[in-house]
$ cat data_33.txt   # compact mmCIF, C-alpha atoms
# COMPACT_ATOMS: atom_id res chain seq x y z
CA MET A 96 -73.64 112.80 -26.80
CA LYS A 97 -70.87 112.22 -29.30
CA TYR A 98 -67.42 112.64 -27.80
CA VAL A 99 -64.96 112.58 -30.71
CA LYS A 100 -65.05 115.61 -33.01
CA PRO A 101 -66.46 114.74 -36.47
CA GLU A 102 -63.70 116.75 -38.15
CA ILE A 103 -61.16 114.19 -36.92
CA PHE A 104 -62.63 111.67 -39.33
CA SER A 105 -62.60 114.10 -42.25
CA ARG A 106 -58.89 114.81 -41.63
CA ARG A 107 -57.93 111.16 -41.94
CA ASP A 108 -55.64 111.57 -44.98
CA GLU A 109 -53.66 114.38 -43.33
CA LEU A 110 -53.44 112.45 -40.06
CA ARG A 111 -52.45 109.24 -41.81
CA LYS A 112 -49.56 111.06 -43.51
CA SER A 113 -48.35 112.48 -40.21
CA TYR A 114 -48.56 109.12 -38.44
CA GLN A 115 -46.74 107.29 -41.21
CA SER A 116 -43.90 109.84 -41.27
CA LYS A 117 -42.64 108.96 -37.78
CA THR A 118 -39.69 106.64 -37.18
CA PRO A 119 -38.45 104.27 -35.82
CA PHE A 120 -42.01 103.57 -34.66
CA ARG A 121 -45.08 105.49 -35.70
CA TYR A 122 -47.20 107.79 -33.57
CA LEU A 123 -49.56 110.75 -33.77
CA VAL A 124 -50.60 113.58 -31.45
CA ILE A 125 -53.93 115.40 -31.89
CA ASP A 126 -55.09 118.25 -29.69
CA ASN A 127 -58.77 118.75 -28.80
CA ILE A 128 -59.87 115.26 -29.83
CA PHE A 129 -63.20 115.58 -27.97
CA ASN A 130 -65.92 118.12 -28.57
CA GLU A 131 -65.63 120.98 -26.08
CA ASP A 132 -68.77 120.07 -24.12
CA ALA A 133 -67.84 116.38 -24.13
CA ALA A 134 -64.33 117.06 -22.88
CA LYS A 135 -65.75 119.23 -20.11
CA GLU A 136 -68.14 116.45 -19.09
CA VAL A 137 -65.38 113.81 -19.01
CA HIS A 138 -63.23 116.09 -16.86
CA GLU A 139 -66.08 116.88 -14.47
CA GLN A 140 -67.08 113.21 -14.17
CA TYR A 141 -63.52 111.95 -13.73
CA PRO A 142 -63.63 110.26 -10.31
CA GLU A 143 -61.26 111.16 -7.51
CA ILE A 144 -59.03 108.37 -6.26
CA LYS A 145 -60.96 108.22 -3.00
CA GLN A 146 -64.15 107.48 -4.94
CA GLY A 147 -64.95 103.97 -6.15
CA GLU A 148 -62.43 101.20 -6.60
CA TRP A 149 -58.98 102.08 -7.92
CA ASP A 150 -56.04 99.69 -8.26
CA GLY A 151 -53.00 101.51 -6.89
CA THR A 152 -50.59 98.59 -6.60
CA THR A 153 -46.94 99.66 -6.48
CA TYR A 154 -44.30 97.86 -8.55
CA ILE A 155 -40.56 98.33 -8.93
CA ASP A 156 -41.04 100.29 -12.16
CA GLN A 157 -44.37 101.94 -11.31
CA LYS A 158 -45.37 104.01 -8.32
CA ASN A 159 -48.35 106.13 -7.24
CA LYS A 160 -50.32 105.20 -10.36
CA PHE A 161 -53.98 104.17 -10.05
CA GLN A 162 -56.23 102.37 -12.52
CA LYS A 163 -60.00 101.97 -12.83
CA ARG A 164 -61.81 100.06 -15.57
CA ASP A 165 -65.27 99.22 -14.21
CA PHE A 166 -68.02 101.77 -14.80
CA GLU A 167 -71.78 101.94 -14.43
CA LYS A 168 -73.82 101.24 -17.54
CA ASN A 169 -74.73 104.42 -19.47
CA SER A 170 -72.37 106.49 -17.33
CA CYS A 171 -70.20 109.14 -18.95
CA MET A 172 -67.05 107.01 -18.65
CA GLN A 173 -68.69 103.87 -20.01
CA ASN A 174 -70.13 105.84 -22.93
CA VAL A 175 -66.82 107.42 -23.88
CA PHE A 176 -65.00 104.07 -23.83
CA ASP A 177 -67.82 102.53 -25.87
CA GLU A 178 -67.25 105.23 -28.48
CA LEU A 179 -63.47 104.69 -28.48
CA ASN A 180 -64.19 100.99 -29.07
CA SER A 181 -66.86 101.57 -31.72
CA ASP A 182 -66.64 100.32 -35.31
CA GLU A 183 -66.41 103.89 -36.62
CA PHE A 184 -63.44 104.72 -34.43
CA LEU A 185 -61.68 101.42 -35.14
CA GLN A 186 -62.09 101.89 -38.90
CA TRP A 187 -60.58 105.37 -38.61
CA LEU A 188 -57.64 103.98 -36.62
CA ASN A 189 -57.19 101.22 -39.18
CA TYR A 190 -56.99 103.80 -41.95
CA ILE A 191 -54.50 106.22 -40.39
CA THR A 192 -52.25 103.43 -39.07
CA ASP A 193 -52.49 101.26 -42.19
CA ILE A 194 -52.60 98.09 -40.11
CA GLU A 195 -53.09 95.16 -42.43
CA GLU A 196 -56.11 93.53 -40.75
CA PRO A 197 -59.15 94.78 -38.82
CA LEU A 198 -58.42 96.14 -35.37
CA ILE A 199 -60.17 94.51 -32.44
CA ALA A 200 -61.27 96.47 -29.37
CA ASP A 201 -60.99 95.18 -25.81
CA PRO A 202 -64.23 95.99 -23.93
CA SER A 203 -62.65 94.65 -20.72
CA LEU A 204 -60.05 97.46 -20.91
CA PHE A 205 -57.35 95.12 -19.64
CA GLY A 206 -54.48 97.35 -18.48
CA GLY A 207 -56.42 100.39 -19.66
CA GLY A 208 -59.45 102.44 -18.59
CA LEU A 209 -58.86 105.47 -16.41
CA HIS A 210 -55.33 106.14 -15.18
CA GLN A 211 -54.58 108.65 -12.45
CA SER A 212 -51.21 109.46 -10.89
CA ILE A 213 -50.31 111.57 -7.89
CA ASN A 214 -47.19 113.39 -6.68
CA GLY A 215 -44.09 111.20 -6.92
CA ALA A 216 -45.62 108.90 -9.52
CA PHE A 217 -43.56 107.48 -12.36
CA LEU A 218 -43.79 104.77 -14.99
CA ASN A 219 -40.39 103.70 -16.25
CA VAL A 220 -39.62 103.41 -19.96
CA HIS A 221 -40.82 100.10 -21.38
CA VAL A 222 -42.38 98.15 -24.19
CA ASP A 223 -45.81 96.72 -23.45
CA TYR A 224 -46.97 93.15 -23.17
CA ASN A 225 -47.46 91.85 -26.71
CA ILE A 226 -50.25 89.27 -26.32
CA HIS A 227 -53.58 89.76 -24.55
CA PRO A 228 -53.55 87.22 -21.68
CA GLU A 229 -57.12 86.08 -22.29
CA THR A 230 -57.90 86.46 -26.00
CA LYS A 231 -54.30 85.84 -27.14
CA PHE A 232 -54.71 88.60 -29.72
CA HIS A 233 -51.67 90.69 -30.67
CA ARG A 234 -51.48 94.15 -29.12
CA ARG A 235 -51.00 96.69 -31.92
CA LEU A 236 -51.98 100.20 -30.79
CA ASN A 237 -52.10 102.33 -27.66
CA VAL A 238 -54.44 105.31 -27.42
CA LEU A 239 -54.06 107.82 -24.58
CA ILE A 240 -56.26 110.86 -24.01
CA TYR A 241 -55.12 113.29 -21.33
CA MET A 242 -57.52 115.23 -19.12
CA ASN A 243 -55.26 117.70 -17.30
CA GLN A 244 -56.32 121.33 -17.31
CA SER A 245 -53.68 124.04 -16.80
CA TRP A 246 -50.85 121.51 -16.70
CA LYS A 247 -47.50 123.12 -15.94
CA GLU A 248 -44.18 121.96 -17.36
CA GLU A 249 -42.64 121.81 -13.89
CA TYR A 250 -45.18 119.13 -12.94
CA GLU A 251 -43.23 116.70 -15.15
CA GLY A 252 -45.33 113.67 -16.19
CA HIS A 253 -44.46 114.01 -19.88
CA LEU A 254 -45.03 110.97 -22.05
CA GLU A 255 -41.55 110.15 -23.35
CA LEU A 256 -41.02 108.19 -26.57
CA TRP A 257 -37.61 106.55 -26.93
CA GLU A 258 -35.46 104.89 -29.55
CA ILE A 259 -33.42 102.21 -27.83
CA ASN A 260 -31.17 99.70 -29.54
CA ASP A 261 -27.70 98.18 -29.22
CA HIS A 262 -26.09 101.45 -30.31
CA GLU A 263 -27.98 104.22 -28.55
CA LYS A 264 -30.71 105.41 -26.23
CA ARG A 265 -32.34 108.48 -27.75
CA LEU A 266 -35.33 110.50 -26.60
CA LEU A 267 -37.61 110.96 -29.63
CA GLU A 268 -40.22 113.26 -28.13
CA LYS A 269 -41.60 114.56 -24.84
CA ILE A 270 -45.36 115.00 -24.96
CA THR A 271 -47.02 117.19 -22.34
CA PRO A 272 -50.17 115.52 -20.92
CA LYS A 273 -52.32 118.57 -21.55
CA PHE A 274 -56.11 118.68 -21.50
CA ASN A 275 -57.98 116.91 -24.33
CA ARG A 276 -54.76 115.73 -26.02
CA PHE A 277 -54.87 112.43 -27.93
CA VAL A 278 -51.83 110.23 -28.57
CA VAL A 279 -51.77 107.01 -30.59
CA PHE A 280 -48.67 104.91 -31.19
CA GLU A 281 -47.96 101.44 -32.46
CA THR A 282 -47.17 98.71 -29.97
CA ASN A 283 -44.25 96.49 -30.92
CA GLU A 284 -40.82 95.42 -29.71
CA ILE A 285 -39.25 98.86 -30.28
CA SER A 286 -42.01 101.24 -29.14
CA PHE A 287 -40.32 102.29 -25.90
CA HIS A 288 -42.28 104.81 -23.84
CA GLY A 289 -43.11 105.90 -20.31
CA HIS A 290 -43.06 108.87 -17.93
CA PRO A 291 -39.91 108.11 -15.93
CA LYS A 292 -39.52 111.46 -14.16
CA PRO A 293 -41.51 111.48 -10.90
CA LEU A 294 -44.47 113.82 -10.82
CA ASN A 295 -43.91 117.10 -9.03
CA THR A 296 -47.51 118.15 -8.47
CA PRO A 297 -49.36 119.93 -5.66
CA ALA A 298 -51.46 117.72 -3.41
CA ASN A 299 -54.67 118.67 -5.23
CA VAL A 300 -53.35 117.96 -8.76
CA SER A 301 -53.22 114.53 -10.38
CA ARG A 302 -52.23 113.31 -13.84
CA LYS A 303 -55.39 111.98 -15.52
CA SER A 304 -55.72 109.97 -18.72
CA LEU A 305 -57.96 107.55 -20.60
CA ALA A 306 -56.26 104.51 -22.12
CA THR A 307 -57.50 102.05 -24.72
CA TYR A 308 -55.53 99.33 -26.48
CA TYR A 309 -56.29 97.65 -29.78
CA TYR A 310 -55.45 94.22 -31.15
CA THR A 311 -55.35 92.02 -34.24
CA LYS A 312 -55.60 88.25 -34.55
CA THR A 313 -52.13 88.03 -36.11
CA ARG A 314 -49.26 90.38 -36.89
CA PRO A 315 -46.52 90.56 -39.55
CA SER A 316 -43.89 87.87 -39.11
CA SER A 317 -41.19 90.56 -38.97
CA GLU A 318 -42.75 91.86 -35.73
CA GLU A 319 -43.46 88.56 -34.03
CA ALA A 320 -41.86 87.77 -30.67
CA GLU A 321 -42.33 85.25 -27.91
CA GLU A 322 -45.18 86.18 -25.60
CA HIS A 323 -43.93 88.48 -22.87
CA ASN A 324 -45.12 90.82 -20.16
CA THR A 325 -44.15 94.51 -19.94
CA LEU A 326 -40.38 94.91 -20.44
CA TYR A 327 -38.76 97.82 -18.62
CA ILE A 328 -35.42 99.48 -19.26
CA ASN A 329 -33.43 101.88 -17.07
CA ILE A 330 -32.57 105.03 -19.03
CA GLU A 331 -31.44 106.99 -15.95
CA GLY A 332 -28.38 105.05 -14.74
CA ALA A 333 -27.63 105.14 -10.99
CA LYS A 334 -30.48 107.58 -10.38
CA GLY A 335 -32.90 105.17 -11.97
CA SER A 336 -31.55 102.26 -9.92
CA ILE A 337 -32.10 104.19 -6.68
CA LYS A 338 -35.62 105.13 -7.75
CA ARG A 339 -36.42 101.49 -8.55
CA PHE A 340 -35.00 100.34 -5.19
CA LYS A 341 -37.19 102.77 -3.22
CA SER A 342 -40.24 101.77 -5.23
CA GLY A 343 -39.42 98.10 -4.64
CA VAL A 344 -39.33 98.70 -0.88
CA LYS A 345 -42.73 100.41 -1.04
CA ALA A 346 -44.13 97.51 -3.06
CA PHE A 347 -42.75 95.00 -0.56
CA LEU A 348 -44.26 96.82 2.41
CA GLU A 349 -47.64 97.01 0.67
CA ARG A 350 -47.68 93.25 0.17
CA VAL A 351 -46.54 92.53 3.71
CA ASN A 352 -49.33 94.70 5.10
CA LEU A 353 -51.89 92.87 2.97
CA LYS A 354 -51.08 89.54 4.61
$ encode --input "data_33.txt" --output "structure tokens"
Amino acid sequence: MKYVKPEIFSRRDELRKSYQSKTPFRYLVIDNIFNEDAAKEVHEQYPEIKQGEWDGTTYIDQKNKFQKRDFEKNSCMQNVFDELNSDEFLQWLNYITDIEEPLIADPSLFGGGLHQSINGAFLNVHVDYNIHPETKFHRRLNVLIYMNQSWKEEYEGHLELWEINDHEKRLLEKITPKFNRFVVFETNEISFHGHPKPLNTPANVSRKSLATYYYTKTRPSSEEAEEHNTLYINIEGAKGSIKRFKSGVKAFLERVNLK
């Protein structure tokens, strides 16, 4: 089964124009990225948190978020990530993003794979790590595909894109994590993003997404920076500080209980 709709590739000029028009960093949102039957299969096969091995480690700036990146060979999830890492898909990404050298996939899905968040979850606004810890390639693109049917605005969980500099902190766009929605944005020192508002979901509803990241061997000198991990920023003032404190306590208790 092919997952990505063929028409996405034929629309590459239109999509390239839209992506390139965004400032201060570039991004693109596409609805219904997967074929209808494929999207349905991914949703049906999306594992519950109680199934398999999920990493749900709490951090000061991240809470109630779970990650899974190991899948059985020829399974639905392995097949869809193989397609997102295929030459055809990378060449399409290269074209619409106009990145100067060939993109490189990460089959290990470091930091990526399946993400699933439950009530109370948040991920504070940040810029991502800039160098892959193993390959030392430069991280250039994030791709997120949301798998949330009948998502309601009051659930929160919007992907927020921010412009942050010495003069201002400005919300660029709030993107609802609706079913079969694709988001790609460039990864650099100004691509601030996150979902800082805690999820407000019923017990049986989680925020589901697929995440893949893409790399190049080098990057333009104007974008180079010393190697760093994820860099968070508080855009909520005192409220954000309290939220981080509570999450820090939860993280501390988790680690104490593991000893």
$ closest_atom_pairs --input "data_33.txt" --of "range 193-308 of chain A" --to "range 171-188 of chain A" --cutoff "10 Å" --atoms "only C-alpha atoms" --output "CSV"
residue,atom,partner,partner_atom,distance
A:Asp193,CA,A:Leu188,CA,8.1
A:Ile194,CA,A:Leu188,CA,8.5
A:Pro197,CA,A:Gln186,CA,7.7
A:Leu198,CA,A:Leu185,CA,6.2
A:Ile199,CA,A:Leu185,CA,7.6
A:Ala200,CA,A:Asn180,CA,5.4
A:Asp201,CA,A:Asn180,CA,7.4
A:Pro202,CA,A:Asn180,CA,7.2
A:Leu204,CA,A:Phe176,CA,8.8
A:Gly208,CA,A:Phe176,CA,7.8
A:Leu209,CA,A:Met172,CA,8.6
A:Leu236,CA,A:Leu188,CA,9.0
A:Val238,CA,A:Leu179,CA,9.1
A:Val279,CA,A:Leu188,CA,8.9
A:Leu305,CA,A:Phe176,CA,8.5
A:Ala306,CA,A:Phe176,CA,8.9
A:Thr307,CA,A:Leu179,CA,7.5
A:Tyr308,CA,A:Asn180,CA,9.2
$ atom_distance --input "data_33.txt" --atom1 "CA of Arg276 in chain A" --atom2 "CA of Gly215 in chain A"
22.3 Å
$ atom_distance --input "data_33.txt" --atom1 "CA of Arg314 in chain A" --atom2 "CA of Thr118 in chain A"
18.9 Å
$ residues_around --input "data_33.txt" --residues "range 144-161 of chain A" --least-positions-apart "5" --cutoff "8 Å" --atoms "all atoms listed in the file" --output "ChimeraX atom specification"
/A:210-219,327,339-343,345-346,349
$ atom_distance --input "data_33.txt" --atom1 "CA of Val300 in chain A" --atom2 "CA of Phe280 in chain A"
26.4 Å
$ closest_residue --input "data_33.txt" --among "A:Arg350, A:Lys163, A:His253, A:Lys273" --to "Gly207 in chain A" --atoms "all atoms listed in the file"
A:Lys163
$ closest_residue --input "data_33.txt" --among "A:Asp126, A:Glu102, A:Glu196, A:Glu258" --to "Pro272 in chain A" --atoms "only C-alpha atoms"
A:Asp126
$ residues_around --input "data_33.txt" --residues "Pro119 in chain A" --least-positions-apart "5" --cutoff "10 Å" --atoms "all atoms listed in the file" --output "count of residues only"
6
$ closest_residue --input "data_33.txt" --among "A:Glu139, A:Asp261, A:Glu195, A:Glu321" --to "Asn243 in chain A" --atoms "all atoms listed in the file"
A:Glu139
$ residues_around --input "data_33.txt" --residues "Glu284 in chain A" --least-positions-apart "3" --cutoff "8 Å" --atoms "only C-alpha atoms" --output "mmCIF file with C-alpha atoms, keeping the file's coordinate frame"
data_model
loop_
_atom_site.group_PDB
_atom_site.id
_atom_site.type_symbol
_atom_site.label_atom_id
_atom_site.label_comp_id
_atom_site.auth_asym_id
_atom_site.auth_seq_id
_atom_site.Cartn_x
_atom_site.Cartn_y
_atom_site.Cartn_z
ATOM 1 C CA VAL A 222 -42.380 98.150 -24.190
ATOM 2 C CA PHE A 287 -40.320 102.290 -25.900
ATOM 3 C CA GLU A 318 -42.750 91.860 -35.730
ATOM 4 C CA ALA A 320 -41.860 87.770 -30.670
#
$ residues_near_point --input "data_33.txt" --point "(-64.9, 95.5, -17.7)" --cutoff "6 Å" --atoms "only C-alpha atoms" --output "mmCIF file with C-alpha atoms, in the coordinates of the input"
data_model
loop_
_atom_site.group_PDB
_atom_site.id
_atom_site.type_symbol
_atom_site.label_atom_id
_atom_site.label_comp_id
_atom_site.auth_asym_id
_atom_site.auth_seq_id
_atom_site.Cartn_x
_atom_site.Cartn_y
_atom_site.Cartn_z
ATOM 1 C CA ARG A 164 -61.810 100.060 -15.570
ATOM 2 C CA ASP A 165 -65.270 99.220 -14.210
ATOM 3 C CA SER A 203 -62.650 94.650 -20.720
#
$ residues_around --input "data_33.txt" --residues "Pro228 in chain A" --least-positions-apart "2" --cutoff "12 Å" --atoms "all atoms listed in the file" --output "list in words"
Asp201, Ser203, Phe205, Gly206, Tyr224, Asn225, Ile226, Thr230, Lys231, Phe232, His233, Arg234, Tyr310, Glu322, His323 and Asn324 of chain A
$ closest_residue --input "data_33.txt" --among "A:Ile240, A:Leu294, A:Ile328, A:Val137" --to "Asn275 in chain A" --atoms "only C-alpha atoms"
A:Ile240
$ residues_around --input "data_33.txt" --residues "His138 in chain A" --least-positions-apart "4" --cutoff "9 Å" --atoms "all atoms listed in the file" --output "VMD selection string"
chain A and resid 133 to 134 142 242 to 244 274 303
$ closest_residue --input "data_33.txt" --among "A:Val344, A:Leu110, A:Ala333, A:Ile128" --to "Thr192 in chain A" --atoms "all atoms listed in the file"
A:Leu110
